[in-house]
>>> print(open('input.txt').read())   # compact mmCIF, C-alpha atoms and all ligand atoms
# COMPACT_ATOMS: atom_id res chain seq x y z
CA MET A 1011 2.08 24.58 0.93
CA TYR A 1012 0.89 20.96 0.90
CA LYS A 1013 -2.47 20.17 2.49
CA VAL A 1014 -2.63 16.73 4.10
CA ALA A 1015 -5.85 15.20 5.44
CA VAL A 1016 -5.03 12.96 8.39
CA ILE A 1017 -7.10 9.92 9.37
CA ASN A 1018 -5.81 8.54 12.66
CA GLY A 1019 -8.44 5.81 12.78
CA ASP A 1020 -8.64 3.17 15.50
CA GLY A 1021 -6.38 0.92 17.59
CA ILE A 1022 -2.72 1.82 17.09
CA GLY A 1023 -3.73 4.30 14.34
CA PRO A 1024 -3.27 7.51 16.36
CA GLU A 1025 0.09 6.34 17.81
CA ILE A 1026 1.69 5.50 14.47
CA VAL A 1027 0.30 8.49 12.55
CA LYS A 1028 1.70 10.82 15.24
CA GLU A 1029 5.20 9.53 14.46
CA ALA A 1030 4.76 9.88 10.69
CA ILE A 1031 3.73 13.51 11.22
CA LYS A 1032 6.79 14.04 13.40
CA ILE A 1033 8.95 12.95 10.45
CA LEU A 1034 7.04 15.12 7.95
CA ASN A 1035 7.51 18.13 10.26
CA LYS A 1036 11.22 17.40 10.34
CA VAL A 1037 11.29 17.20 6.53
CA ALA A 1038 9.42 20.52 6.37
CA ALA A 1039 11.96 22.22 8.65
CA LYS A 1040 15.00 20.75 6.92
CA TYR A 1041 13.95 21.23 3.29
CA ASN A 1042 11.89 24.36 3.74
CA HIS A 1043 8.42 23.04 2.97
CA ASN A 1044 5.11 23.71 4.59
CA PHE A 1045 2.69 20.87 5.40
CA GLU A 1046 -0.73 21.70 6.75
CA PHE A 1047 -2.38 18.79 8.56
CA LYS A 1048 -6.11 18.49 9.08
CA GLU A 1049 -7.45 15.64 11.20
CA VAL A 1050 -10.67 13.97 10.09
CA LEU A 1051 -12.70 11.06 11.44
CA MET A 1052 -13.10 7.66 9.81
CA GLY A 1053 -13.73 4.09 10.96
CA GLY A 1054 -14.83 3.02 14.43
CA ILE A 1055 -14.11 6.34 16.09
CA ALA A 1056 -16.25 8.06 13.44
CA ILE A 1057 -19.11 5.63 14.14
CA ASP A 1058 -18.85 6.43 17.86
CA LYS A 1059 -18.78 10.18 17.34
CA THR A 1060 -21.10 10.67 14.35
CA GLY A 1061 -22.90 7.37 13.69
CA SER A 1062 -21.23 7.05 10.28
CA PRO A 1063 -17.90 5.32 9.40
CA LEU A 1064 -17.24 8.01 6.78
CA PRO A 1065 -18.85 11.34 7.68
CA GLU A 1066 -19.50 13.62 4.72
CA GLU A 1067 -17.13 16.22 6.10
CA THR A 1068 -14.27 13.70 6.05
CA LEU A 1069 -14.65 12.94 2.36
CA GLU A 1070 -15.02 16.65 1.60
CA VAL A 1071 -11.82 17.58 3.48
CA CYS A 1072 -9.96 14.72 1.76
CA LYS A 1073 -11.12 15.92 -1.65
CA GLN A 1074 -9.89 19.45 -0.86
CA SER A 1075 -6.47 18.16 0.24
CA ASP A 1076 -3.34 17.30 -1.73
CA ALA A 1077 -3.02 13.86 -0.11
CA VAL A 1078 -4.46 11.67 2.64
CA LEU A 1079 -2.37 10.03 5.37
CA MET A 1080 -4.09 7.22 7.21
CA GLY A 1081 -3.30 4.95 10.18
CA ALA A 1082 -5.70 2.00 10.31
CA ILE A 1083 -9.31 1.41 11.15
CA GLY A 1084 -11.46 -1.25 12.80
CA GLY A 1085 -11.45 -3.37 15.93
CA PRO A 1086 -13.53 -5.88 17.90
CA LYS A 1087 -15.66 -3.11 19.40
CA TRP A 1088 -17.34 -2.55 16.03
CA ASP A 1089 -17.42 -6.13 14.74
CA THR A 1090 -21.00 -7.09 14.04
CA THR A 1091 -22.92 -9.60 11.95
CA ASP A 1092 -25.91 -7.27 11.86
CA SER A 1093 -25.87 -5.92 8.28
CA ASP A 1094 -27.94 -2.87 9.32
CA LYS A 1095 -25.22 -1.67 11.67
CA PRO A 1096 -22.35 0.52 10.35
CA ARG A 1097 -18.92 -1.10 10.07
CA PRO A 1098 -15.51 0.64 10.05
CA GLU A 1099 -14.52 -1.03 6.73
CA GLN A 1100 -17.38 0.78 5.01
CA GLY A 1101 -15.34 3.92 5.60
CA LEU A 1102 -12.41 2.48 3.67
CA LEU A 1103 -14.50 1.28 0.73
CA GLY A 1104 -16.34 4.62 0.74
CA ILE A 1105 -13.18 6.70 0.60
CA ARG A 1106 -11.70 4.52 -2.19
CA LYS A 1107 -14.88 5.07 -4.16
CA GLY A 1108 -15.18 8.77 -3.26
CA LEU A 1109 -11.60 9.54 -4.30
CA GLU A 1110 -11.78 7.10 -7.25
CA LEU A 1111 -8.69 5.22 -6.07
CA TYR A 1112 -8.31 2.45 -8.65
CA ALA A 1113 -4.68 1.52 -8.10
CA ASN A 1114 -3.01 0.10 -5.03
CA LEU A 1115 0.78 0.21 -4.93
CA ARG A 1116 2.85 -1.89 -2.57
CA PRO A 1117 6.59 -1.49 -2.71
CA VAL A 1118 8.51 -4.50 -1.44
CA LYS A 1119 12.07 -3.78 -0.42
CA VAL A 1120 14.31 -5.69 1.90
CA PHE A 1121 16.14 -3.84 4.64
CA GLU A 1122 19.48 -5.62 4.99
CA ALA A 1123 19.31 -5.16 8.78
CA LEU A 1124 16.11 -7.24 8.90
CA ILE A 1125 17.08 -9.85 6.34
CA ASP A 1126 17.20 -12.64 8.93
CA SER A 1127 13.52 -12.19 9.80
CA SER A 1128 12.49 -13.43 6.33
CA THR A 1129 11.64 -17.09 5.98
CA LEU A 1130 13.57 -17.18 2.69
CA LYS A 1131 17.30 -17.57 2.18
CA LYS A 1132 19.37 -14.40 2.26
CA ASP A 1133 20.75 -14.71 -1.26
CA ILE A 1134 17.25 -15.10 -2.71
CA ILE A 1135 15.87 -11.88 -1.20
CA SER A 1136 18.91 -9.66 -0.73
CA GLY A 1137 18.51 -6.52 -2.87
CA ILE A 1138 14.95 -7.12 -4.07
CA ASP A 1139 13.03 -3.99 -5.03
CA ILE A 1140 9.53 -4.68 -6.38
CA ILE A 1141 6.32 -2.68 -6.72
CA VAL A 1142 3.07 -4.60 -6.96
CA VAL A 1143 0.37 -2.57 -8.71
CA ARG A 1144 -3.07 -4.00 -7.99
CA GLU A 1145 -6.25 -2.90 -9.75
CA LEU A 1146 -8.59 -1.96 -6.92
CA THR A 1147 -12.07 -1.15 -8.19
CA GLY A 1148 -12.93 -3.80 -10.80
CA GLY A 1149 -12.85 -7.54 -11.41
CA ILE A 1150 -14.46 -10.34 -9.48
CA TYR A 1151 -14.85 -8.35 -6.26
CA PHE A 1152 -17.24 -5.98 -8.00
CA GLY A 1153 -18.82 -8.10 -10.76
CA ALA A 1154 -22.30 -9.60 -10.76
CA ARG A 1155 -22.80 -12.35 -8.17
CA ALA A 1156 -25.66 -14.50 -7.02
CA ARG A 1157 -26.57 -17.53 -5.00
CA GLU A 1158 -29.27 -19.94 -6.04
CA LYS A 1159 -29.85 -22.75 -3.57
CA ASP A 1160 -26.70 -24.91 -3.89
CA ARG A 1161 -25.07 -22.87 -6.65
CA ALA A 1162 -23.26 -19.54 -6.47
CA TYR A 1163 -21.22 -17.43 -8.87
CA ASP A 1164 -19.04 -14.31 -8.97
CA THR A 1165 -18.21 -12.59 -12.24
CA CYS A 1166 -14.84 -11.18 -13.25
CA ASP A 1167 -15.71 -8.18 -15.34
CA TYR A 1168 -13.23 -5.69 -16.84
CA SER A 1169 -13.55 -2.98 -19.44
CA ARG A 1170 -10.79 -1.86 -21.81
CA TYR A 1171 -10.77 1.53 -20.07
CA GLU A 1172 -10.22 0.02 -16.62
CA ILE A 1173 -7.33 -2.13 -17.81
CA GLU A 1174 -5.71 0.58 -19.87
CA ARG A 1175 -5.49 3.13 -17.05
CA ILE A 1176 -3.89 0.71 -14.56
CA VAL A 1177 -1.45 -0.73 -17.07
CA LYS A 1178 -0.37 2.75 -18.11
CA LEU A 1179 0.13 3.70 -14.48
CA ALA A 1180 2.45 0.68 -14.13
CA PHE A 1181 4.41 1.65 -17.25
CA ASP A 1182 4.76 5.23 -15.97
CA LEU A 1183 6.08 3.95 -12.64
CA SER A 1184 8.58 1.70 -14.36
CA LEU A 1185 10.07 4.65 -16.27
CA LYS A 1186 11.58 5.87 -13.00
CA ARG A 1187 12.79 2.36 -12.15
CA ARG A 1188 14.37 -0.59 -14.00
CA ARG A 1189 11.85 -0.45 -16.87
CA VAL A 1190 10.52 -4.00 -16.68
CA VAL A 1191 6.77 -4.58 -16.27
CA HIS A 1192 5.36 -8.04 -15.56
CA SER A 1193 1.70 -8.09 -16.54
CA VAL A 1194 0.13 -10.99 -14.68
CA ASP A 1195 -2.98 -12.75 -15.96
CA LYS A 1196 -4.55 -16.14 -16.61
CA ALA A 1197 -4.94 -15.66 -20.35
CA ASN A 1198 -4.80 -19.41 -21.06
CA VAL A 1199 -8.18 -19.78 -19.34
CA LEU A 1200 -10.00 -16.50 -18.70
CA GLU A 1201 -11.56 -14.22 -21.31
CA SER A 1202 -11.11 -11.18 -19.06
CA SER A 1203 -7.39 -12.04 -18.93
CA ARG A 1204 -7.20 -12.26 -22.74
CA LEU A 1205 -8.62 -8.73 -22.94
CA TRP A 1206 -6.15 -7.67 -20.21
CA ARG A 1207 -3.23 -9.03 -22.24
CA GLU A 1208 -4.46 -7.45 -25.47
CA VAL A 1209 -4.78 -4.02 -23.83
CA ALA A 1210 -1.36 -4.35 -22.15
CA ILE A 1211 0.25 -5.07 -25.54
CA GLU A 1212 -1.45 -2.03 -27.09
CA ALA A 1213 -0.49 0.25 -24.20
CA ALA A 1214 3.13 -0.93 -24.43
CA LYS A 1215 3.41 0.65 -27.89
CA ASP A 1216 3.63 4.06 -26.16
CA TYR A 1217 6.42 2.79 -23.88
CA THR A 1218 9.00 1.34 -26.24
CA GLN A 1219 11.78 1.77 -23.66
CA VAL A 1220 9.95 -0.55 -21.22
CA GLU A 1221 10.15 -4.34 -21.43
CA LEU A 1222 6.71 -5.96 -21.08
CA VAL A 1223 6.63 -9.55 -19.83
CA HIS A 1224 3.38 -11.54 -19.70
CA GLN A 1225 3.24 -14.09 -16.94
CA LEU A 1226 0.49 -16.46 -15.83
CA VAL A 1227 -0.55 -15.89 -12.25
CA ASP A 1228 0.26 -19.42 -11.06
CA ASN A 1229 3.77 -19.02 -12.43
CA THR A 1230 4.14 -15.60 -10.75
CA ALA A 1231 3.15 -17.11 -7.41
CA MET A 1232 5.99 -19.57 -7.85
CA GLN A 1233 8.56 -17.13 -9.29
CA LEU A 1234 8.07 -14.70 -6.38
CA ILE A 1235 9.46 -17.36 -4.06
CA ARG A 1236 11.95 -18.90 -6.49
CA ASN A 1237 13.57 -15.81 -7.97
CA PRO A 1238 11.97 -12.52 -6.81
CA LYS A 1239 14.87 -10.43 -8.15
CA GLN A 1240 13.53 -10.80 -11.72
CA PHE A 1241 10.65 -8.43 -10.85
CA ASP A 1242 10.58 -4.65 -11.01
CA VAL A 1243 6.92 -3.64 -11.50
CA ILE A 1244 4.13 -6.24 -11.34
CA VAL A 1245 0.71 -5.14 -12.58
CA THR A 1246 -2.37 -7.27 -12.21
CA GLU A 1247 -6.11 -7.39 -11.69
CA ASN A 1248 -7.89 -7.09 -8.34
CA MET A 1249 -8.02 -10.64 -6.98
CA PHE A 1250 -4.65 -11.81 -8.33
CA GLY A 1251 -3.20 -8.59 -6.90
CA ASP A 1252 -4.82 -9.15 -3.53
CA ILE A 1253 -3.11 -12.51 -3.21
CA LEU A 1254 0.22 -11.73 -4.89
CA SER A 1255 0.72 -8.47 -2.98
CA ASP A 1256 0.45 -10.32 0.33
CA GLU A 1257 2.81 -12.98 -0.92
CA ALA A 1258 5.32 -10.40 -2.17
CA ALA A 1259 5.00 -8.42 1.07
CA MET A 1260 5.97 -11.42 3.15
CA LEU A 1261 9.27 -11.78 1.29
CA THR A 1262 10.53 -9.09 3.66
CA GLY A 1263 9.19 -10.77 6.76
CA SER A 1264 7.42 -8.08 8.76
CA LEU A 1265 3.97 -6.53 8.64
CA GLY A 1266 5.04 -3.47 10.61
CA MET A 1267 7.42 -2.42 7.82
CA LEU A 1268 5.14 -2.36 4.77
CA PRO A 1269 3.82 0.89 3.29
CA SER A 1270 1.19 1.35 0.59
CA ALA A 1271 -0.24 4.00 -1.68
CA SER A 1272 -3.64 4.11 -3.38
CA MET A 1273 -4.00 6.31 -6.43
CA GLY A 1274 -6.79 7.21 -8.77
CA THR A 1275 -8.30 9.42 -11.38
CA GLY A 1276 -8.20 12.52 -9.21
CA LYS A 1277 -5.22 14.33 -7.74
CA VAL A 1278 -5.69 12.99 -4.20
CA SER A 1279 -3.92 9.75 -3.27
CA LEU A 1280 -4.12 7.89 0.00
CA TYR A 1281 -1.14 6.55 1.96
CA GLU A 1282 -1.41 3.94 4.69
CA PRO A 1283 0.49 1.01 6.20
CA CYS A 1284 -0.46 -2.47 4.94
CA HIS A 1285 -1.23 -3.71 8.44
CA GLY A 1286 -4.45 -3.22 10.39
CA SER A 1287 -5.26 -1.43 13.65
CA ALA A 1288 -3.62 -4.09 15.87
CA PRO A 1289 -6.16 -3.75 18.70
CA ASP A 1290 -4.22 -6.33 20.72
CA ILE A 1291 -1.38 -3.84 21.33
CA ALA A 1292 -3.22 -0.49 21.05
CA GLY A 1293 -2.28 2.11 23.65
CA GLU A 1294 0.80 0.23 24.84
CA GLY A 1295 3.30 2.39 22.98
CA ILE A 1296 4.95 -0.64 21.36
CA ALA A 1297 3.53 -0.52 17.80
CA ASN A 1298 5.99 -0.26 14.93
CA PRO A 1299 5.49 3.12 13.23
CA LEU A 1300 7.85 2.42 10.31
CA ALA A 1301 5.21 1.23 7.80
CA THR A 1302 3.34 4.51 8.33
CA ILE A 1303 6.55 6.55 8.17
CA LEU A 1304 7.48 4.79 4.91
CA SER A 1305 3.94 5.49 3.63
CA ALA A 1306 4.57 9.18 4.34
CA ALA A 1307 7.76 8.85 2.25
CA LEU A 1308 5.64 7.50 -0.63
CA MET A 1309 3.40 10.54 -0.24
CA LEU A 1310 6.42 12.82 -0.61
CA ARG A 1311 7.48 10.92 -3.73
CA TYR A 1312 4.20 10.37 -5.56
CA SER A 1313 1.90 13.19 -4.47
CA PHE A 1314 4.41 16.01 -4.01
CA ASN A 1315 7.18 14.90 -6.35
CA LEU A 1316 9.74 15.38 -3.56
CA GLU A 1317 12.09 12.52 -4.44
CA LYS A 1318 15.08 13.79 -2.47
CA GLU A 1319 12.97 14.16 0.67
CA ALA A 1320 11.36 10.72 0.20
CA LEU A 1321 14.80 9.13 -0.11
CA ALA A 1322 15.99 10.99 2.99
CA VAL A 1323 13.17 9.44 5.03
CA GLU A 1324 13.77 5.96 3.60
CA LYS A 1325 17.51 6.23 4.22
CA SER A 1326 16.89 7.42 7.73
CA VAL A 1327 14.73 4.37 8.48
CA GLU A 1328 17.47 2.16 7.10
CA GLN A 1329 20.16 3.85 9.20
CA VAL A 1330 18.14 3.60 12.40
CA LEU A 1331 17.69 -0.13 11.75
CA ASN A 1332 21.39 -0.51 10.94
CA LYS A 1333 22.20 1.08 14.29
CA GLY A 1334 20.27 -1.74 15.93
CA TYR A 1335 17.08 -0.03 17.11
CA ARG A 1336 13.95 -2.22 17.02
CA THR A 1337 10.33 -2.09 18.11
CA LYS A 1338 9.03 -5.21 19.81
CA ASP A 1339 7.60 -6.86 16.67
CA ILE A 1340 11.01 -6.95 14.94
CA MET A 1341 13.17 -7.33 18.05
CA GLU A 1342 16.16 -9.68 17.88
CA GLU A 1343 18.89 -10.64 20.30
CA ASP A 1344 21.59 -7.99 20.91
CA LYS A 1345 19.40 -5.18 19.53
CA THR A 1346 18.02 -2.15 21.35
CA LEU A 1347 14.29 -2.22 22.12
CA VAL A 1348 12.54 1.14 21.62
CA SER A 1349 8.95 2.38 21.94
CA THR A 1350 6.76 3.69 19.11
CA GLU A 1351 7.60 7.24 20.09
CA GLU A 1352 11.33 6.63 20.46
CA MET A 1353 11.45 5.00 17.02
CA GLY A 1354 9.72 8.05 15.50
CA THR A 1355 12.13 10.42 17.22
CA LEU A 1356 15.17 8.42 16.08
CA VAL A 1357 14.02 8.47 12.45
CA ALA A 1358 13.21 12.20 12.63
CA GLU A 1359 16.61 13.03 14.14
CA ASN A 1360 18.31 11.02 11.39
CA VAL A 1361 16.54 12.72 8.47
P1 LIG B 1401 -3.54 -6.44 12.09
O1 LIG B 1401 -2.65 -6.12 10.96
O2 LIG B 1401 -4.16 -5.30 12.80
O3 LIG B 1401 -2.71 -7.28 13.19
C1 LIG B 1401 -2.13 -8.58 12.94
C2 LIG B 1401 -1.01 -8.83 13.95
O4 LIG B 1401 0.13 -8.02 13.61
C3 LIG B 1401 -1.37 -8.46 15.39
O5 LIG B 1401 -0.77 -9.35 16.27
C4 LIG B 1401 -0.78 -7.08 15.57
O6 LIG B 1401 -0.44 -6.77 16.91
C5 LIG B 1401 0.44 -7.13 14.67
N1 LIG B 1401 0.75 -5.82 14.09
C6 LIG B 1401 0.09 -5.21 13.07
N2 LIG B 1401 0.62 -4.00 12.82
C7 LIG B 1401 1.63 -3.84 13.71
C8 LIG B 1401 2.56 -2.79 13.97
N3 LIG B 1401 2.56 -1.65 13.26
N4 LIG B 1401 3.45 -2.96 14.97
C9 LIG B 1401 3.48 -4.09 15.69
N5 LIG B 1401 2.65 -5.12 15.50
C10 LIG B 1401 1.72 -4.99 14.52
O7 LIG B 1401 -4.64 -7.47 11.55
P2 LIG B 1401 -5.93 -8.07 12.27
O8 LIG B 1401 -5.60 -8.38 13.70
O9 LIG B 1401 -6.42 -9.12 11.39
O10 LIG B 1401 -7.01 -6.90 12.25
C11 LIG B 1401 -7.24 -5.99 13.32
C12 LIG B 1401 -8.24 -4.94 12.86
O11 LIG B 1401 -7.67 -4.17 11.82
C13 LIG B 1401 -9.54 -5.54 12.28
O12 LIG B 1401 -10.62 -4.79 12.75
C14 LIG B 1401 -9.37 -5.38 10.79
O13 LIG B 1401 -10.61 -5.27 10.14
C15 LIG B 1401 -8.57 -4.11 10.71
N6 LIG B 1401 -7.80 -3.93 9.47
C16 LIG B 1401 -7.77 -2.67 8.97
C17 LIG B 1401 -7.03 -2.40 7.83
C18 LIG B 1401 -6.98 -0.99 7.32
O14 LIG B 1401 -7.29 -0.07 8.06
N7 LIG B 1401 -6.60 -0.76 6.08
C19 LIG B 1401 -6.31 -3.41 7.20
C20 LIG B 1401 -6.33 -4.70 7.77
C21 LIG B 1401 -7.09 -4.95 8.91
>>> encode(input="input.txt", output="structure tokens")
Amino acid sequence: MYKVAVINGDGIGPEIVKEAIKILNKVAAKYNHNFEFKEVLMGGIAIDKTGSPLPEETLEVCKQSDAVLMGAIGGPKWDTTDSDKPRPEQGLLGIRKGLELYANLRPVKVFEALIDSSTLKKDIISGIDIIVVRELTGGIYFGARAREKDRAYDTCDYSRYEIERIVKLAFDLSLKRRRVVHSVDKANVLESSRLWREVAIEAAKDYTQVELVHQLVDNTAMQLIRNPKQFDVIVTENMFGDILSDEAAMLTGSLGMLPSASMGTGKVSLYEPCHGSAPDIAGEGIANPLATILSAALMLRYSFNLEKEALAVEKSVEQVLNKGYRTKDIMEEDKTLVSTEEMGTLVAENV
């Protein structure tokens, strides 16, 4: 039995998570598995019900689970400039810290059926299959910072240990893929990048079957648009990863299609779509559930080692798109418009 903690969150969160669970239940029935789902509160809804964006019980249940499936959190209702008031995002930072999630993985794959919604030419993006691995708990977002009158600074701080564990994770991932790792840095300028490169070279000695390519971040930003097919696994530090993962994600064209996984030192990983809680369309039944469904597929693959089942879900999404079904955000002429719920049912039936 696999225990899954479920965070519906705010906005469209509950609607899209419901569809992902529908698909997991179908996988359970078809492949003879047992998933136990336990709903917990986080984000705005948790503030409303308990006063805290991440109640202690939520973190405890997540720690006792085998994986966490999340929708999205936040919304205008809880936006505040008062730093004494709780904010939904504190829940997200708290759970990353509590579960020690130091790696964020974003797979970028193009669905042929949606290829026209990319702003890039077909032949540039057709067939791309990239994973961006972003370090999530170190670097300039967490280093020392200060403001003195008209001066301010932020420090990019990395230890050997922090670099080694993320680089190794990238190498391990590449073993099940095309075995090319691009380690992205700014080693011509930054000392932290020179340490990054040094550690990557050392780590590579244990992965002789993997090709390690060093690339400067400005070049990577360009290469992602010029020739994205050269990439298999990209590993990089927190801020470069923040920017490059959004750039890479947009190669495919649509926010509603992008899954993500966050992994760490412990056994519990967290799976969520890349998009937010879309408060502008919440409750209308038109949200695209595919990013969350594809995140559930990543959970099958990475947390439960169920590769066949993960592929079945991914294939099913592809087939439903090939048959012409679309939610509103990816709707094109001559296609069939379906609701959030109908999209979930179609994917489940196809598994
Ligand atoms: P957003 O991703 O929620 O929405 C951006 C636009 O994309 C909106 O027009 C929205 O309707 C659309 N969209 C997003 N997901 C969609 C889907 N699945 N189907 C159809 N359309 C979709 O970003 P935002 O508007 O900047 O943020 C809204 C709230 O979400 C904010 O409170 C923000 O803090 C929060 N947020 C949360 C997370 C998270 O939970 N990890 C991530 C990003 C933003």
>>> closest_atom_pairs(input="input.txt", of="chain A", to="ligand LIG 1401 (chain B)", cutoff="9 Å", atoms="all atoms listed in the file", output="JSON lines")
{"residue": "A:Gly1019", "atom": "CA", "partner": "B:LIG1401", "partner_atom": "O14", "distance": 7.6}
{"residue": "A:Asp1020", "atom": "CA", "partner": "B:LIG1401", "partner_atom": "O14", "distance": 8.2}
{"residue": "A:Gly1021", "atom": "CA", "partner": "B:LIG1401", "partner_atom": "C12", "distance": 7.8}
{"residue": "A:Ile1022", "atom": "CA", "partner": "B:LIG1401", "partner_atom": "N3", "distance": 7.4}
{"residue": "A:Gly1023", "atom": "CA", "partner": "B:LIG1401", "partner_atom": "O14", "distance": 8.4}
{"residue": "A:Ile1026", "atom": "CA", "partner": "B:LIG1401", "partner_atom": "N3", "distance": 7.3}
{"residue": "A:Gly1053", "atom": "CA", "partner": "B:LIG1401", "partner_atom": "O14", "distance": 8.2}
{"residue": "A:Met1080", "atom": "CA", "partner": "B:LIG1401", "partner_atom": "O14", "distance": 8.0}
{"residue": "A:Gly1081", "atom": "CA", "partner": "B:LIG1401", "partner_atom": "O14", "distance": 6.8}
{"residue": "A:Ala1082", "atom": "CA", "partner": "B:LIG1401", "partner_atom": "O14", "distance": 3.4}
{"residue": "A:Ile1083", "atom": "CA", "partner": "B:LIG1401", "partner_atom": "O14", "distance": 4.0}
{"residue": "A:Gly1084", "atom": "CA", "partner": "B:LIG1401", "partner_atom": "O12", "distance": 3.6}
{"residue": "A:Gly1085", "atom": "CA", "partner": "B:LIG1401", "partner_atom": "O12", "distance": 3.6}
{"residue": "A:Pro1086", "atom": "CA", "partner": "B:LIG1401", "partner_atom": "O12", "distance": 6.0}
{"residue": "A:Lys1087", "atom": "CA", "partner": "B:LIG1401", "partner_atom": "O12", "distance": 8.5}
{"residue": "A:Trp1088", "atom": "CA", "partner": "B:LIG1401", "partner_atom": "O12", "distance": 7.8}
{"residue": "A:Asp1089", "atom": "CA", "partner": "B:LIG1401", "partner_atom": "O12", "distance": 7.2}
{"residue": "A:Pro1098", "atom": "CA", "partner": "B:LIG1401", "partner_atom": "O13", "distance": 7.7}
{"residue": "A:Glu1099", "atom": "CA", "partner": "B:LIG1401", "partner_atom": "O13", "distance": 6.7}
{"residue": "A:Leu1102", "atom": "CA", "partner": "B:LIG1401", "partner_atom": "N7", "distance": 7.1}
{"residue": "A:Ser1264", "atom": "CA", "partner": "B:LIG1401", "partner_atom": "C10", "distance": 8.7}
{"residue": "A:Leu1265", "atom": "CA", "partner": "B:LIG1401", "partner_atom": "N2", "distance": 5.9}
{"residue": "A:Gly1266", "atom": "CA", "partner": "B:LIG1401", "partner_atom": "N3", "distance": 4.1}
{"residue": "A:Met1267", "atom": "CA", "partner": "B:LIG1401", "partner_atom": "N3", "distance": 7.3}
{"residue": "A:Leu1268", "atom": "CA", "partner": "B:LIG1401", "partner_atom": "N3", "distance": 8.9}
{"residue": "A:Glu1282", "atom": "CA", "partner": "B:LIG1401", "partner_atom": "N7", "distance": 7.1}
{"residue": "A:Pro1283", "atom": "CA", "partner": "B:LIG1401", "partner_atom": "N7", "distance": 7.3}
{"residue": "A:Cys1284", "atom": "CA", "partner": "B:LIG1401", "partner_atom": "C19", "distance": 6.3}
{"residue": "A:His1285", "atom": "CA", "partner": "B:LIG1401", "partner_atom": "O1", "distance": 3.8}
{"residue": "A:Gly1286", "atom": "CA", "partner": "B:LIG1401", "partner_atom": "O2", "distance": 3.2}
{"residue": "A:Ser1287", "atom": "CA", "partner": "B:LIG1401", "partner_atom": "O11", "distance": 4.1}
{"residue": "A:Ala1288", "atom": "CA", "partner": "B:LIG1401", "partner_atom": "O2", "distance": 3.3}
{"residue": "A:Pro1289", "atom": "CA", "partner": "B:LIG1401", "partner_atom": "C11", "distance": 5.9}
{"residue": "A:Asp1290", "atom": "CA", "partner": "B:LIG1401", "partner_atom": "O6", "distance": 5.4}
{"residue": "A:Ile1291", "atom": "CA", "partner": "B:LIG1401", "partner_atom": "O6", "distance": 5.4}
{"residue": "A:Ala1292", "atom": "CA", "partner": "B:LIG1401", "partner_atom": "O6", "distance": 8.0}
{"residue": "A:Ile1296", "atom": "CA", "partner": "B:LIG1401", "partner_atom": "C9", "distance": 6.8}
{"residue": "A:Ala1297", "atom": "CA", "partner": "B:LIG1401", "partner_atom": "N4", "distance": 3.7}
{"residue": "A:Asn1298", "atom": "CA", "partner": "B:LIG1401", "partner_atom": "N4", "distance": 3.7}
{"residue": "A:Pro1299", "atom": "CA", "partner": "B:LIG1401", "partner_atom": "N3", "distance": 5.6}
{"residue": "A:Leu1300", "atom": "CA", "partner": "B:LIG1401", "partner_atom": "N3", "distance": 7.3}
{"residue": "A:Ala1301", "atom": "CA", "partner": "B:LIG1401", "partner_atom": "N3", "distance": 6.7}
{"residue": "A:Thr1302", "atom": "CA", "partner": "B:LIG1401", "partner_atom": "N3", "distance": 7.9}
{"residue": "A:Thr1337", "atom": "CA", "partner": "B:LIG1401", "partner_atom": "C9", "distance": 7.5}
{"residue": "A:Lys1338", "atom": "CA", "partner": "B:LIG1401", "partner_atom": "C9", "distance": 7.0}
{"residue": "A:Asp1339", "atom": "CA", "partner": "B:LIG1401", "partner_atom": "C9", "distance": 5.1}
{"residue": "A:Ile1340", "atom": "CA", "partner": "B:LIG1401", "partner_atom": "C9", "distance": 8.1}
{"residue": "A:Thr1350", "atom": "CA", "partner": "B:LIG1401", "partner_atom": "N4", "distance": 8.5}
>>> residues_around(input="input.txt", residues="segment 1028-1043 of chain A", least_positions_apart="2", cutoff="7 Å", atoms="only C-alpha atoms", output="PyMOL selection string")
chain A and resi 1011+1024-1026+1045+1299+1302-1303+1306+1319+1351+1354+1358
>>> residues_around(input="input.txt", residues="Gly1274 of chain A", least_positions_apart="4", cutoff="8 Å", atoms="all atoms listed in the file", output="ChimeraX atom specification")
/A:1109-1113,1278-1279
>>> atom_distance(input="input.txt", atom1="atom CA of Ser1169 of chain A", atom2="atom CA of Ala1213 of chain A")
14.3 Å
>>> atom_distance(input="input.txt", atom1="atom CA of Gly1276 of chain A", atom2="atom CA of Val1071 of chain A")
14.1 Å
>>> residues_near_point(input="input.txt", point="(18.9, 11.5, 2.6)", cutoff="12 Å", atoms="only C-alpha atoms", output="MDAnalysis selection string")
chainID A and resid 1037 1040:1041 1307 1316:1329 1357:1361
>>> atom_distance(input="input.txt", atom1="atom CA of Gly1061 of chain A", atom2="atom CA of Gly1108 of chain A")
18.7 Å
>>> closest_residue(input="input.txt", among="A:Ile1138, A:Ile1017, A:Ala1156, A:Ala1123", to="Ala1259 of chain A", atoms="all atoms listed in the file")
A:Ile1138
>>> closest_residue(input="input.txt", among="A:Asp1133, A:Gln1233, A:Leu1185, A:Val1245", to="Asp1216 of chain A", atoms="only C-alpha atoms")
A:Leu1185
>>> residues_near_point(input="input.txt", point="(9.4, -1.9, -15.2)", cutoff="7 Å", atoms="all atoms listed in the file", output="MDAnalysis selection string")
chainID A and resid 1181 1184:1185 1187:1191 1220:1221 1242:1243
>>> write_last_selection(input="input.txt", atoms="C-alpha atoms", output="short mmCIF file (atom, residue, chain, number, x, y, z; two decimals), in the coordinates of the input")
data_model
loop_
_atom_site.label_atom_id
_atom_site.label_comp_id
_atom_site.auth_asym_id
_atom_site.auth_seq_id
_atom_site.Cartn_x
_atom_site.Cartn_y
_atom_site.Cartn_z
CA PHE A 1181 4.41 1.65 -17.25
CA SER A 1184 8.58 1.70 -14.36
CA LEU A 1185 10.07 4.65 -16.27
CA ARG A 1187 12.79 2.36 -12.15
CA ARG A 1188 14.37 -0.59 -14.00
CA ARG A 1189 11.85 -0.45 -16.87
CA VAL A 1190 10.52 -4.00 -16.68
CA VAL A 1191 6.77 -4.58 -16.27
CA VAL A 1220 9.95 -0.55 -21.22
CA GLU A 1221 10.15 -4.34 -21.43
CA ASP A 1242 10.58 -4.65 -11.01
CA VAL A 1243 6.92 -3.64 -11.50
#
